[in-house]
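Below is the file query_31.txt, which contains compact mmCIF, C-alpha atoms.
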```txt
# COMPACT_ATOMS: atom_id res chain seq x y z
CA MET A 1 0.00 0.00 0.00
CA LEU A 2 2.68 2.47 1.06
CA ASN A 3 4.87 1.32 -1.82
CA THR A 4 2.08 2.05 -4.29
CA LEU A 5 1.63 5.53 -2.82
CA ALA A 6 5.41 6.11 -3.04
CA LEU A 7 5.35 4.96 -6.68
CA ILE A 8 2.54 7.43 -7.48
CA PHE A 9 4.45 10.29 -5.86
CA ILE A 10 7.69 9.43 -7.71
CA VAL A 11 5.93 9.20 -11.10
CA ILE A 12 4.15 12.55 -10.62
CA GLY A 13 7.43 14.15 -9.55
CA LEU A 14 9.22 12.78 -12.63
CA PHE A 15 6.42 14.15 -14.82
CA PHE A 16 6.86 17.63 -13.38
CA MET A 17 10.65 17.54 -13.78
CA VAL A 18 10.35 16.46 -17.44
CA VAL A 19 7.80 19.25 -18.01
CA GLY A 20 10.22 21.76 -16.46
CA ALA A 21 13.02 20.68 -18.79
CA ILE A 22 10.72 20.84 -21.85
CA GLY A 23 9.63 24.32 -20.79
CA LEU A 24 13.27 25.35 -20.53
CA ILE A 25 13.66 24.36 -24.19
CA ARG A 26 10.33 25.57 -25.57
CA PHE A 27 9.59 28.93 -23.96
CA PRO A 28 10.60 32.01 -25.93
CA ASP A 29 12.71 34.06 -23.51
CA PHE A 30 14.52 34.12 -20.19
CA TYR A 31 11.69 35.29 -17.92
CA THR A 32 9.22 32.67 -19.14
CA ARG A 33 11.87 29.95 -18.86
CA VAL A 34 12.27 30.91 -15.22
CA HIS A 35 8.54 30.25 -14.74
CA ALA A 36 8.97 26.71 -16.05
CA THR A 37 12.08 25.69 -14.13
CA GLY A 38 11.56 27.58 -10.88
CA LYS A 39 8.15 26.06 -10.21
CA CYS A 40 8.19 22.62 -11.76
CA ASP A 41 11.63 21.65 -10.48
CA THR A 42 10.85 22.63 -6.91
CA LEU A 43 7.61 20.65 -6.75
CA GLY A 44 8.97 17.70 -8.74
CA GLU A 45 11.96 17.35 -6.47
CA GLY A 46 9.82 17.64 -3.36
CA MET A 47 7.44 14.96 -4.63
CA ILE A 48 10.18 12.47 -5.56
CA LEU A 49 11.88 12.90 -2.19
CA PHE A 50 8.56 12.60 -0.34
CA GLY A 51 7.87 9.37 -2.22
CA LEU A 52 11.26 8.08 -1.05
CA VAL A 53 10.29 9.01 2.53
CA LEU A 54 7.12 6.93 2.19
CA TYR A 55 9.15 4.01 0.80
CA GLU A 56 11.73 4.20 3.58
CA GLY A 57 9.42 4.45 6.60
CA MET A 58 10.13 6.59 9.63
CA ASN A 59 13.78 6.54 10.70
CA LEU A 60 16.80 8.82 10.63
CA VAL A 61 17.20 8.61 6.84
CA ALA A 62 13.61 9.82 6.42
CA VAL A 63 14.26 12.74 8.79
CA LYS A 64 17.31 13.70 6.73
CA ILE A 65 15.30 13.60 3.49
CA LEU A 66 12.55 15.75 5.05
CA LEU A 67 15.23 18.23 6.09
CA LEU A 68 16.49 18.26 2.49
CA VAL A 69 12.93 18.88 1.21
CA ILE A 70 12.43 21.85 3.57
CA PHE A 71 15.83 23.24 2.57
CA ILE A 72 15.00 22.97 -1.13
CA PHE A 73 11.58 24.60 -0.70
CA ILE A 74 13.24 27.59 0.96
CA THR A 75 16.34 27.96 -1.19
CA SER A 76 15.14 27.16 -4.71
CA PRO A 77 12.83 30.20 -5.12
CA THR A 78 15.52 32.36 -3.49
CA ALA A 79 18.19 31.32 -5.99
CA VAL A 80 15.80 31.83 -8.90
CA HIS A 81 14.89 35.26 -7.55
CA ALA A 82 18.59 36.21 -7.26
CA ILE A 83 19.23 35.34 -10.92
CA LEU A 84 16.06 37.16 -12.04
CA ASN A 85 16.93 40.26 -10.04
CA VAL A 86 20.41 40.48 -11.57
CA ALA A 87 19.03 39.99 -15.08
CA TYR A 88 16.41 42.72 -14.50
CA THR A 89 18.91 45.26 -13.13
CA ARG A 90 21.33 44.57 -16.00
CA GLY A 91 18.58 45.32 -18.49
CA VAL A 92 17.44 42.04 -20.04
CA GLU A 93 14.29 42.93 -21.98
CA PRO A 94 11.11 40.87 -21.39
CA TRP A 95 9.53 39.16 -24.39
CA LYS A 96 6.17 40.51 -25.58
CA LYS A 97 3.57 38.59 -27.53
CA GLY A 98 4.37 38.83 -31.23
CA ASP A 99 8.14 39.25 -30.89
CA GLU A 100 10.38 36.61 -32.35
CA ARG A 101 11.75 34.06 -29.89
CA ARG A 102 15.17 34.45 -28.37
CA MET B 1 23.52 48.09 17.07
CA LYS B 2 21.90 46.77 20.20
CA ARG B 3 23.59 44.88 22.99
CA PRO B 4 23.60 41.12 22.33
CA SER B 5 21.38 39.14 24.64
CA VAL B 6 21.87 35.65 26.03
CA TYR B 7 18.70 34.30 24.42
CA GLN B 8 19.93 34.58 20.86
CA TYR B 9 23.10 32.64 21.69
CA ILE B 10 21.12 29.90 23.47
CA LEU B 11 18.65 29.60 20.57
CA THR B 12 21.42 29.47 17.96
CA PHE B 13 23.29 26.82 19.95
CA ALA B 14 20.13 24.70 20.36
CA ILE B 15 19.32 24.79 16.66
CA LEU B 16 22.91 23.96 15.65
CA MET B 17 22.98 21.07 18.13
CA LEU B 18 19.69 19.66 16.78
CA PHE B 19 21.06 19.86 13.24
CA TRP B 20 24.31 18.16 14.35
CA TYR B 21 22.38 15.31 15.95
CA ILE B 22 20.20 14.74 12.87
CA LEU B 23 23.25 14.67 10.59
CA SER B 24 25.43 12.42 12.76
CA GLY B 25 22.81 10.06 14.18
CA TYR B 26 24.92 8.71 17.06
CA LEU B 27 24.04 9.29 20.70
CA GLU B 28 27.46 8.43 22.18
CA PHE B 29 29.71 10.51 24.39
CA PHE B 30 32.42 11.16 21.79
CA TYR B 31 30.10 12.42 19.03
CA ILE B 32 27.99 14.56 21.35
CA GLY B 33 31.14 16.05 22.91
CA ALA B 34 32.59 16.91 19.51
CA GLY B 35 29.24 18.44 18.58
CA ILE B 36 29.19 20.61 21.70
CA VAL B 37 32.72 21.88 20.96
CA CYS B 38 31.99 22.65 17.27
CA CYS B 39 28.59 24.26 17.89
CA GLY B 40 30.09 26.31 20.73
CA ILE B 41 32.82 27.71 18.46
CA VAL B 42 30.30 28.54 15.71
CA THR B 43 27.93 30.15 18.23
CA LEU B 44 30.74 32.31 19.66
CA ILE B 45 31.72 33.54 16.20
CA SER B 46 28.33 34.10 14.57
CA GLY B 47 25.73 33.89 17.34
CA ASP B 48 24.15 37.24 16.49
CA LEU B 49 23.56 36.32 12.84
CA VAL B 50 20.31 34.35 12.88
CA PHE B 51 18.17 36.03 15.54
CA ARG B 52 17.87 39.70 16.44
CA SER B 53 18.96 40.71 19.91
CA ASP B 54 15.42 41.73 20.88
CA VAL B 55 14.00 38.29 20.11
CA ARG B 56 10.81 37.41 22.02
CA ILE B 57 10.41 33.67 22.18
CA ALA B 58 6.65 33.53 22.87
CA ARG B 59 5.73 35.79 19.94
CA SER B 60 8.13 34.02 17.58
CA ALA B 61 6.72 30.62 18.51
CA HIS B 62 3.19 31.96 17.94
CA VAL B 63 4.11 33.20 14.45
CA PHE B 64 5.88 29.90 13.70
CA ILE B 65 2.83 27.81 14.63
CA ARG B 66 0.52 29.97 12.53
CA PHE B 67 2.95 29.67 9.62
CA ILE B 68 2.87 25.85 9.91
CA LEU B 69 -0.94 25.97 9.82
CA TYR B 70 -0.69 28.09 6.65
CA ILE B 71 1.51 25.53 4.83
CA PRO B 72 -1.31 23.23 3.48
CA ARG B 73 -2.98 26.12 1.64
CA LEU B 74 0.41 27.11 0.23
CA LEU B 75 0.95 23.54 -0.99
CA ALA B 76 -2.45 23.54 -2.72
CA ALA B 77 -1.56 26.82 -4.43
CA ILE B 78 1.82 25.38 -5.52
CA LEU B 79 0.13 22.30 -7.02
CA HIS B 80 -2.33 24.51 -8.91
CA ALA B 81 0.54 26.66 -10.20
CA ASN B 82 2.45 23.62 -11.45
CA LEU B 83 -0.55 22.19 -13.26
CA ASP B 84 -1.06 25.61 -14.87
CA VAL B 85 2.55 25.80 -16.06
CA ALA B 86 2.46 22.18 -17.28
CA TYR B 87 -0.68 22.95 -19.30
CA ARG B 88 0.97 25.98 -20.90
CA VAL B 89 4.20 24.11 -21.65
CA LEU B 90 2.55 21.08 -23.21
CA HIS B 91 -0.12 22.96 -25.21
CA PRO B 92 0.94 23.00 -28.88
CA GLU B 93 0.28 26.73 -29.34
CA MET B 94 1.73 27.90 -25.98
CA PRO B 95 -1.05 30.28 -24.76
CA ILE B 96 1.18 32.80 -22.97
CA ASP B 97 1.08 36.60 -22.92
CA PRO B 98 3.81 37.73 -20.51
CA GLY B 99 4.12 41.13 -18.92
CA ILE B 100 5.27 42.98 -15.80
CA VAL B 101 2.90 43.87 -12.92
CA THR B 102 3.72 46.20 -10.02
CA VAL B 103 2.18 45.42 -6.62
CA ASP B 104 2.22 47.78 -3.62
CA THR B 105 2.07 46.14 -0.20
CA PRO B 106 2.18 47.60 3.32
CA PHE B 107 4.62 44.93 4.53
CA ARG B 108 7.62 46.02 6.62
CA GLY B 109 9.38 43.02 8.18
CA ASP B 110 12.22 41.37 6.27
CA VAL B 111 10.97 37.84 6.95
CA LEU B 112 7.47 38.84 5.87
CA ARG B 113 8.72 40.36 2.62
CA THR B 114 10.83 37.30 1.89
CA SER B 115 7.88 34.99 2.57
CA PHE B 116 5.64 37.05 0.30
CA ALA B 117 8.23 37.00 -2.50
CA ASN B 118 8.68 33.23 -2.21
CA ALA B 119 4.91 32.68 -2.08
CA VAL B 120 4.42 34.81 -5.19
CA THR B 121 7.16 32.85 -6.95
CA LEU B 122 5.47 29.55 -6.18
CA THR B 123 1.86 30.51 -7.02
CA PRO B 124 0.18 30.49 -10.45
CA GLY B 125 1.87 32.33 -13.28
CA THR B 126 3.95 34.86 -11.34
CA VAL B 127 7.57 35.29 -10.21
CA THR B 128 9.00 38.15 -8.15
CA VAL B 129 11.63 40.15 -10.01
CA ASP B 130 12.53 43.02 -7.68
CA VAL B 131 11.57 44.45 -4.27
CA ILE B 132 11.90 48.16 -3.50
CA ASP B 133 10.58 49.17 -0.04
CA GLY B 134 7.44 47.07 -0.07
CA ARG B 135 6.79 47.56 -3.81
CA PHE B 136 7.05 44.24 -5.59
CA ILE B 137 7.81 44.04 -9.32
CA VAL B 138 6.26 40.79 -10.55
CA HIS B 139 6.63 39.09 -13.92
CA ALA B 140 3.40 37.35 -14.91
CA LEU B 141 3.13 34.54 -17.43
CA VAL B 142 -0.36 35.72 -18.44
CA ARG B 143 -0.58 39.43 -17.67
CA GLU B 144 -4.34 39.76 -17.20
CA ALA B 145 -4.57 36.73 -14.92
CA GLY B 146 -1.66 38.01 -12.85
CA GLU B 147 -3.27 41.42 -12.41
CA GLU B 148 -6.55 39.76 -11.51
CA ASP B 149 -4.86 37.65 -8.80
CA LEU B 150 -2.46 40.15 -7.30
CA LEU B 151 -4.26 43.50 -7.57
CA LYS B 152 -7.93 42.52 -7.18
CA GLY B 153 -7.91 39.26 -5.24
CA ARG B 154 -4.92 39.81 -2.91
CA SER B 155 -5.52 36.42 -1.25
CA ILE B 156 -1.81 35.63 -0.64
CA GLU B 157 -1.29 39.08 0.84
CA ARG B 158 -4.21 38.76 3.25
CA ASP B 159 -3.18 35.26 4.31
CA LEU B 160 0.38 36.28 5.07
CA ALA B 161 -0.75 39.43 6.91
CA ARG B 162 -2.94 37.25 9.11
CA VAL B 163 -0.13 34.73 9.69
CA PHE B 164 2.42 37.33 10.77
CA GLY B 165 -0.08 39.53 12.64
CA GLU B 166 0.56 42.60 10.49
CA GLY B 167 -2.53 44.24 9.02
CA ASP B 168 -3.12 46.89 6.39
CA GLN B 169 -2.02 49.63 8.78
CA PRO B 170 1.17 48.35 10.44
CA PRO B 171 1.93 49.72 13.91
CA SER B 172 5.12 51.75 13.88
CA GLY B 173 8.29 49.96 14.89
CA GLU B 174 6.71 46.52 15.03
CA THR B 175 7.99 44.12 12.42
CA GLY B 176 7.23 40.52 11.79
CA ASP B 177 10.63 39.07 12.57
CA LEU B 178 11.08 35.52 13.65
CA MET C 1 11.05 -1.02 -6.56
CA ILE C 2 14.76 -0.97 -7.45
CA ASP C 3 13.78 -1.03 -11.13
CA ILE C 4 11.67 2.06 -10.58
CA PHE C 5 14.69 3.81 -9.09
CA HIS C 6 16.86 2.82 -12.07
CA ALA C 7 14.21 4.12 -14.49
CA SER C 8 13.91 7.38 -12.53
CA VAL C 9 17.68 7.93 -12.70
CA ILE C 10 17.67 7.33 -16.46
CA VAL C 11 14.77 9.76 -17.03
CA LEU C 12 16.46 12.40 -14.86
CA ILE C 13 19.71 12.07 -16.80
CA LEU C 14 17.79 12.52 -20.08
CA THR C 15 16.28 15.75 -18.70
CA VAL C 16 19.80 16.84 -17.72
CA PHE C 17 20.74 16.49 -21.39
CA LEU C 18 17.76 18.69 -22.34
CA CYS C 19 19.04 21.35 -19.93
CA LEU C 20 22.56 20.94 -21.32
CA TYR C 21 21.24 22.02 -24.72
CA ARG C 22 20.11 25.28 -23.10
CA VAL C 23 23.52 25.69 -21.47
CA LEU C 24 25.30 25.32 -24.81
CA ALA C 25 22.88 27.22 -27.05
CA GLY C 26 21.13 29.71 -24.79
CA PRO C 27 21.76 33.33 -25.75
CA GLY C 28 23.48 35.29 -23.01
CA TRP C 29 24.71 34.43 -19.52
CA GLU C 30 21.27 34.49 -17.90
CA ASN C 31 19.90 31.46 -19.78
CA ARG C 32 23.09 29.52 -19.09
CA LEU C 33 22.99 30.36 -15.39
CA ILE C 34 19.38 29.27 -14.92
CA ALA C 35 20.05 26.03 -16.83
CA VAL C 36 23.11 25.24 -14.70
CA ASN C 37 21.06 25.86 -11.55
CA THR C 38 18.40 23.45 -12.85
CA ILE C 39 21.03 20.77 -13.55
CA GLY C 40 22.25 21.17 -9.99
CA THR C 41 18.79 20.60 -8.51
CA LYS C 42 18.35 17.49 -10.65
CA THR C 43 21.73 16.19 -9.49
CA ILE C 44 20.54 16.30 -5.87
CA VAL C 45 17.70 13.89 -6.67
CA VAL C 46 20.02 11.63 -8.66
CA LEU C 47 22.41 11.43 -5.69
CA VAL C 48 19.59 10.48 -3.29
CA LEU C 49 18.33 7.83 -5.72
CA ILE C 50 21.84 6.36 -6.11
CA GLY C 51 22.04 6.14 -2.34
CA PHE C 52 18.79 4.16 -2.33
CA ILE C 53 19.86 1.85 -5.17
CA TYR C 54 23.19 0.85 -3.58
CA GLU C 55 21.74 1.09 -0.03
CA ARG C 56 24.33 3.54 1.22
CA PRO C 57 22.88 6.30 3.43
CA LEU C 58 26.18 8.17 3.06
CA PHE C 59 24.95 9.58 -0.26
CA LEU C 60 22.25 11.52 1.60
CA ASP C 61 24.88 13.58 3.42
CA ILE C 62 26.63 14.18 0.12
CA SER C 63 23.38 15.39 -1.44
CA ILE C 64 22.66 17.75 1.49
CA ALA C 65 26.14 19.25 1.11
CA TYR C 66 25.61 19.46 -2.65
CA ALA C 67 22.32 21.33 -2.17
CA MET C 68 24.05 23.89 0.04
CA ILE C 69 26.97 24.34 -2.37
CA ASN C 70 24.57 24.70 -5.31
CA PHE C 71 22.60 27.42 -3.53
CA ILE C 72 25.67 29.34 -2.34
CA SER C 73 27.41 29.18 -5.74
CA THR C 74 24.33 30.45 -7.55
CA LEU C 75 24.03 33.34 -5.10
CA ALA C 76 27.75 34.12 -5.47
CA ILE C 77 27.62 34.20 -9.27
CA ALA C 78 24.48 36.38 -9.20
CA LYS C 79 26.11 38.77 -6.74
CA TYR C 80 29.30 38.95 -8.79
CA LEU C 81 27.36 39.76 -11.96
CA GLY C 82 25.28 42.37 -10.13
CA ARG C 83 28.01 44.26 -8.29
CA GLY C 84 31.28 43.41 -10.00
CA CYS C 85 32.77 41.81 -6.88
CA ILE C 86 31.79 39.32 -4.19
CA CYS C 87 31.41 41.67 -1.25
```

Written form, structure tokens:
Amino acid sequence: MLNTLALIFIVIGLFFMVVGAIGLIRFPDFYTRVHATGKCDTLGEGMILFGLVLYEGMNLVAVKILLLVIFIFITSPTAVHAILNVAYTRGVEPWKKGDERR
Amino acid sequence: MKRPSVYQYILTFAILMLFWYILSGYLEFFYIGAGIVCCGIVTLISGDLVFRSDVRIARSAHVFIRFILYIPRLLAAILHANLDVAYRVLHPEMPIDPGIVTVDTPFRGDVLRTSFANAVTLTPGTVTVDVIDGRFIVHALVREAGEEDLLKGRSIERDLARVFGEGDQPPSGETGDL
Amino acid sequence: MIDIFHASVIVLILTVFLCLYRVLAGPGWENRLIAVNTIGTKTIVVLVLIGFIYERPLFLDISIAYAMINFISTLAIAKYLGRGCIC
């Protein structure tokens, strides 16, 4: 039962990570690519690691993985925001609808 | 620069010790002794880094518990945001219309502003680009939907204001620090 | 369940190659930086999965340290590009 639940979590997480990578390729400019990777990677990673917690059961390894999940959920948006902020202050232009892709 | 208090050193030492125990996993004399020595050195050097010197434990714990109760709604919003992005990535015509939205908030505390920026980054179609004194510059994947959410709805803003106990008119000098 | 872990590692490495295309082709430093950050976050999951496949909990500590180094290096590069020095 728990293994099935863990399998579901891992598969959903893999789906989101693949979608994030495809968005990194497909979207037309830097700001929209940040949307794809910053969101989908954070949730996909959290879901895969939570599935591993369910597979492992409650012991010290699971506590370490939960610590890693909390750390990622705090730091990943912060790192993305740091890159975005630098790009905005250095004058990277946002893409408008109708422009050609960069 | 205020005078450092004892509480911030004790709190920093306790958190470092908990982290040490989780990472090592042994409850023997040698490992715990080494942990006490290492955490003591780190606390002496940078004890005033994490907490302010006027930390009030009861109020901080109150804010922390309310923040934990807020987490399930945040997770639901994150899931919705990811499904939205996945739909826009996998749609063959890519229905996006990006643009930049400016949001004014009355927030003052550093932790509160950081939480709001991270919450905006993780909710549907928006990422925070820049913060200037409570004014957030937000890049929206679909401009009209972003304006609808952030300027008319303001649900994230109200939730976070309730969590940190800071309303539309913040009392002077009080900030929502942990 | 071990087969699932193997399959997950293979899928993750394929997505790393997709990101590597963006690192090589992406115009400007900003696309390269965001792609490198994404590869780093995928590497954390790959490390944890390798630890589960070979049943060595040591890899978890490595992945925690890798997460911290990834975060700090991204912040350092962003700060250097924004101010011209790391200070």

Please report, as CSV, each residue of chain C lying at most 8 Å from chain A, together with the nearest pair of atoms and the separation in Å rounded to one decimal; use all atoms listed in the file, and order rows by chain and ascending residue number.
```
residue,atom,partner,partner_atom,distance
C:Ile4,CA,A:Leu7,CA,8.0
C:Ser8,CA,A:Leu14,CA,7.2
C:Val11,CA,A:Leu14,CA,7.7
C:Leu12,CA,A:Leu14,CA,7.6
C:Thr15,CA,A:Ala21,CA,5.9
C:Val16,CA,A:Ala21,CA,7.9
C:Leu18,CA,A:Ala21,CA,6.2
C:Cys19,CA,A:Ala21,CA,6.2
C:Tyr21,CA,A:Ile25,CA,8.0
C:Arg22,CA,A:Ile25,CA,6.6
C:Pro27,CA,A:Arg102,CA,7.2
C:Glu30,CA,A:Ala87,CA,6.6
C:Asn31,CA,A:Phe30,CA,6.0
C:Leu33,CA,A:Ile83,CA,7.7
C:Ile34,CA,A:Ile83,CA,7.3
C:Ala35,CA,A:Leu24,CA,7.8
C:Thr38,CA,A:Thr37,CA,6.8
C:Thr41,CA,A:Asp41,CA,7.5
C:Lys42,CA,A:Glu45,CA,7.6
C:Val45,CA,A:Glu45,CA,6.7
C:Pro57,CA,A:Val61,CA,7.0
C:Leu60,CA,A:Lys64,CA,7.4
C:Ile64,CA,A:Leu68,CA,6.3
C:Ala67,CA,A:Ile72,CA,7.6
C:Phe71,CA,A:Ala79,CA,6.4
C:Thr74,CA,A:Ala79,CA,6.4
C:Leu75,CA,A:Ala79,CA,6.2
C:Ala78,CA,A:Ile83,CA,5.6
C:Lys79,CA,A:Val86,CA,7.7
C:Leu81,CA,A:Val86,CA,7.0
C:Gly82,CA,A:Val86,CA,5.4
```

Counting only C-alpha atoms, the residue of C:Ala7, C:Val36, C:Ile69, C:Ala25 that sits nearest Ile53 of chain C: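 Looking only at the distances to Ile53 of chain C, the closest residue turns out to be C:Ala7.
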
Neighbour list for Leu43 of chain A as a list of chain:residue names, cut-off 8 Å, only C-alpha atoms, skip fewer than 5 positions in-chain: A:Gly13, A:Phe16, B:Ile78, B:Leu79, B:Asn82

Surrounding residues of Tyr66 of chain C excluding itself and chain neighbours under 6 positions, 9 Å, only C-alpha atoms, as number ranges by chain: C: 40, 43-44

Test item: axis-aligned box, all listed atoms of segment 16-26 of chain C, 6 Å on each side, centre and edges in Å rounded to one decimal, as JSON:
```
{"center_x": 21.5, "center_y": 23.1, "center_z": -22.4, "size_x": 19.5, "size_y": 25.2, "size_z": 21.3}
```

Residue hits in chain B, query chain A, radius 8 Å, all atoms listed in the file, as a list of chain:residue names: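 Matching residues, ligands excluded from the count: B:Ile22, B:Leu23, B:Gly25, B:Ile78, B:Leu79, B:Ala81, B:Asn82, B:Val85, B:Ala86, B:Val89, B:Leu90, B:Ile96, B:Asp97, B:Pro98, B:Gly99, B:Asn118, B:Thr121, B:Leu122, B:Gly125, B:Thr126, B:Val127, B:Thr128, B:Val129, B:Asp130, B:His139, B:Leu141.
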
Separation of atom CA of Tyr9 of chain B from atom CA of Ala58 of chain B, in Å and rounded to one decimal: 16.5 Å

Test item: residues at most 12 Å from Leu44 of chain B, only C-alpha atoms, excluding those fewer than 3 positions along its chain, as a list in words: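 The residues satisfying every condition are Pro4, Val6, Gln8, Tyr9, Ile10, Thr12, Phe13, Ile36, Val37, Cys38, Cys39, Gly40, Ile41, Gly47, Asp48 and Leu49 of chain B.
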
Distance of atom CA of Thr114 of chain B from atom CA of Phe136 of chain B, expressed in Å to one decimal place: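 Going from atom CA of Phe136 of chain B over to atom CA of Thr114 of chain B, I get 10.9 Å.
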
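Between atom CA of Val53 of chain A and atom CA of Leu2 of chain A there is a distance of 10.1 Å.
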
Pull out segment 9-70 of chain C, keep C-alpha atoms, and write it as a JSON list (two decimals), in the first residue's frame.
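As a result, out.json now contains:
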```json
[["chain", "number", "residue", "atom", "x", "y", "z"],
["C", 9, "VAL", "CA", 17.68, 7.93, -12.70],
["C", 10, "ILE", "CA", 17.67, 7.33, -16.46],
["C", 11, "VAL", "CA", 14.77, 9.76, -17.03],
["C", 12, "LEU", "CA", 16.46, 12.40, -14.86],
["C", 13, "ILE", "CA", 19.71, 12.07, -16.80],
["C", 14, "LEU", "CA", 17.79, 12.52, -20.08],
["C", 15, "THR", "CA", 16.28, 15.75, -18.70],
["C", 16, "VAL", "CA", 19.80, 16.84, -17.72],
["C", 17, "PHE", "CA", 20.74, 16.49, -21.39],
["C", 18, "LEU", "CA", 17.76, 18.69, -22.34],
["C", 19, "CYS", "CA", 19.04, 21.35, -19.93],
["C", 20, "LEU", "CA", 22.56, 20.94, -21.32],
["C", 21, "TYR", "CA", 21.24, 22.02, -24.72],
["C", 22, "ARG", "CA", 20.11, 25.28, -23.10],
["C", 23, "VAL", "CA", 23.52, 25.69, -21.47],
["C", 24, "LEU", "CA", 25.30, 25.32, -24.81],
["C", 25, "ALA", "CA", 22.88, 27.22, -27.05],
["C", 26, "GLY", "CA", 21.13, 29.71, -24.79],
["C", 27, "PRO", "CA", 21.76, 33.33, -25.75],
["C", 28, "GLY", "CA", 23.48, 35.29, -23.01],
["C", 29, "TRP", "CA", 24.71, 34.43, -19.52],
["C", 30, "GLU", "CA", 21.27, 34.49, -17.90],
["C", 31, "ASN", "CA", 19.90, 31.46, -19.78],
["C", 32, "ARG", "CA", 23.09, 29.52, -19.09],
["C", 33, "LEU", "CA", 22.99, 30.36, -15.39],
["C", 34, "ILE", "CA", 19.38, 29.27, -14.92],
["C", 35, "ALA", "CA", 20.05, 26.03, -16.83],
["C", 36, "VAL", "CA", 23.11, 25.24, -14.70],
["C", 37, "ASN", "CA", 21.06, 25.86, -11.55],
["C", 38, "THR", "CA", 18.40, 23.45, -12.85],
["C", 39, "ILE", "CA", 21.03, 20.77, -13.55],
["C", 40, "GLY", "CA", 22.25, 21.17, -9.99],
["C", 41, "THR", "CA", 18.79, 20.60, -8.51],
["C", 42, "LYS", "CA", 18.35, 17.49, -10.65],
["C", 43, "THR", "CA", 21.73, 16.19, -9.49],
["C", 44, "ILE", "CA", 20.54, 16.30, -5.87],
["C", 45, "VAL", "CA", 17.70, 13.89, -6.67],
["C", 46, "VAL", "CA", 20.02, 11.63, -8.66],
["C", 47, "LEU", "CA", 22.41, 11.43, -5.69],
["C", 48, "VAL", "CA", 19.59, 10.48, -3.29],
["C", 49, "LEU", "CA", 18.33, 7.83, -5.72],
["C", 50, "ILE", "CA", 21.84, 6.36, -6.11],
["C", 51, "GLY", "CA", 22.04, 6.14, -2.34],
["C", 52, "PHE", "CA", 18.79, 4.16, -2.33],
["C", 53, "ILE", "CA", 19.86, 1.85, -5.17],
["C", 54, "TYR", "CA", 23.19, 0.85, -3.58],
["C", 55, "GLU", "CA", 21.74, 1.09, -0.03],
["C", 56, "ARG", "CA", 24.33, 3.54, 1.22],
["C", 57, "PRO", "CA", 22.88, 6.30, 3.43],
["C", 58, "LEU", "CA", 26.18, 8.17, 3.06],
["C", 59, "PHE", "CA", 24.95, 9.58, -0.26],
["C", 60, "LEU", "CA", 22.25, 11.52, 1.60],
["C", 61, "ASP", "CA", 24.88, 13.58, 3.42],
["C", 62, "ILE", "CA", 26.63, 14.18, 0.12],
["C", 63, "SER", "CA", 23.38, 15.39, -1.44],
["C", 64, "ILE", "CA", 22.66, 17.75, 1.49],
["C", 65, "ALA", "CA", 26.14, 19.25, 1.11],
["C", 66, "TYR", "CA", 25.61, 19.46, -2.65],
["C", 67, "ALA", "CA", 22.32, 21.33, -2.17],
["C", 68, "MET", "CA", 24.05, 23.89, 0.04],
["C", 69, "ILE", "CA", 26.97, 24.34, -2.37],
["C", 70, "ASN", "CA", 24.57, 24.70, -5.31]]
```
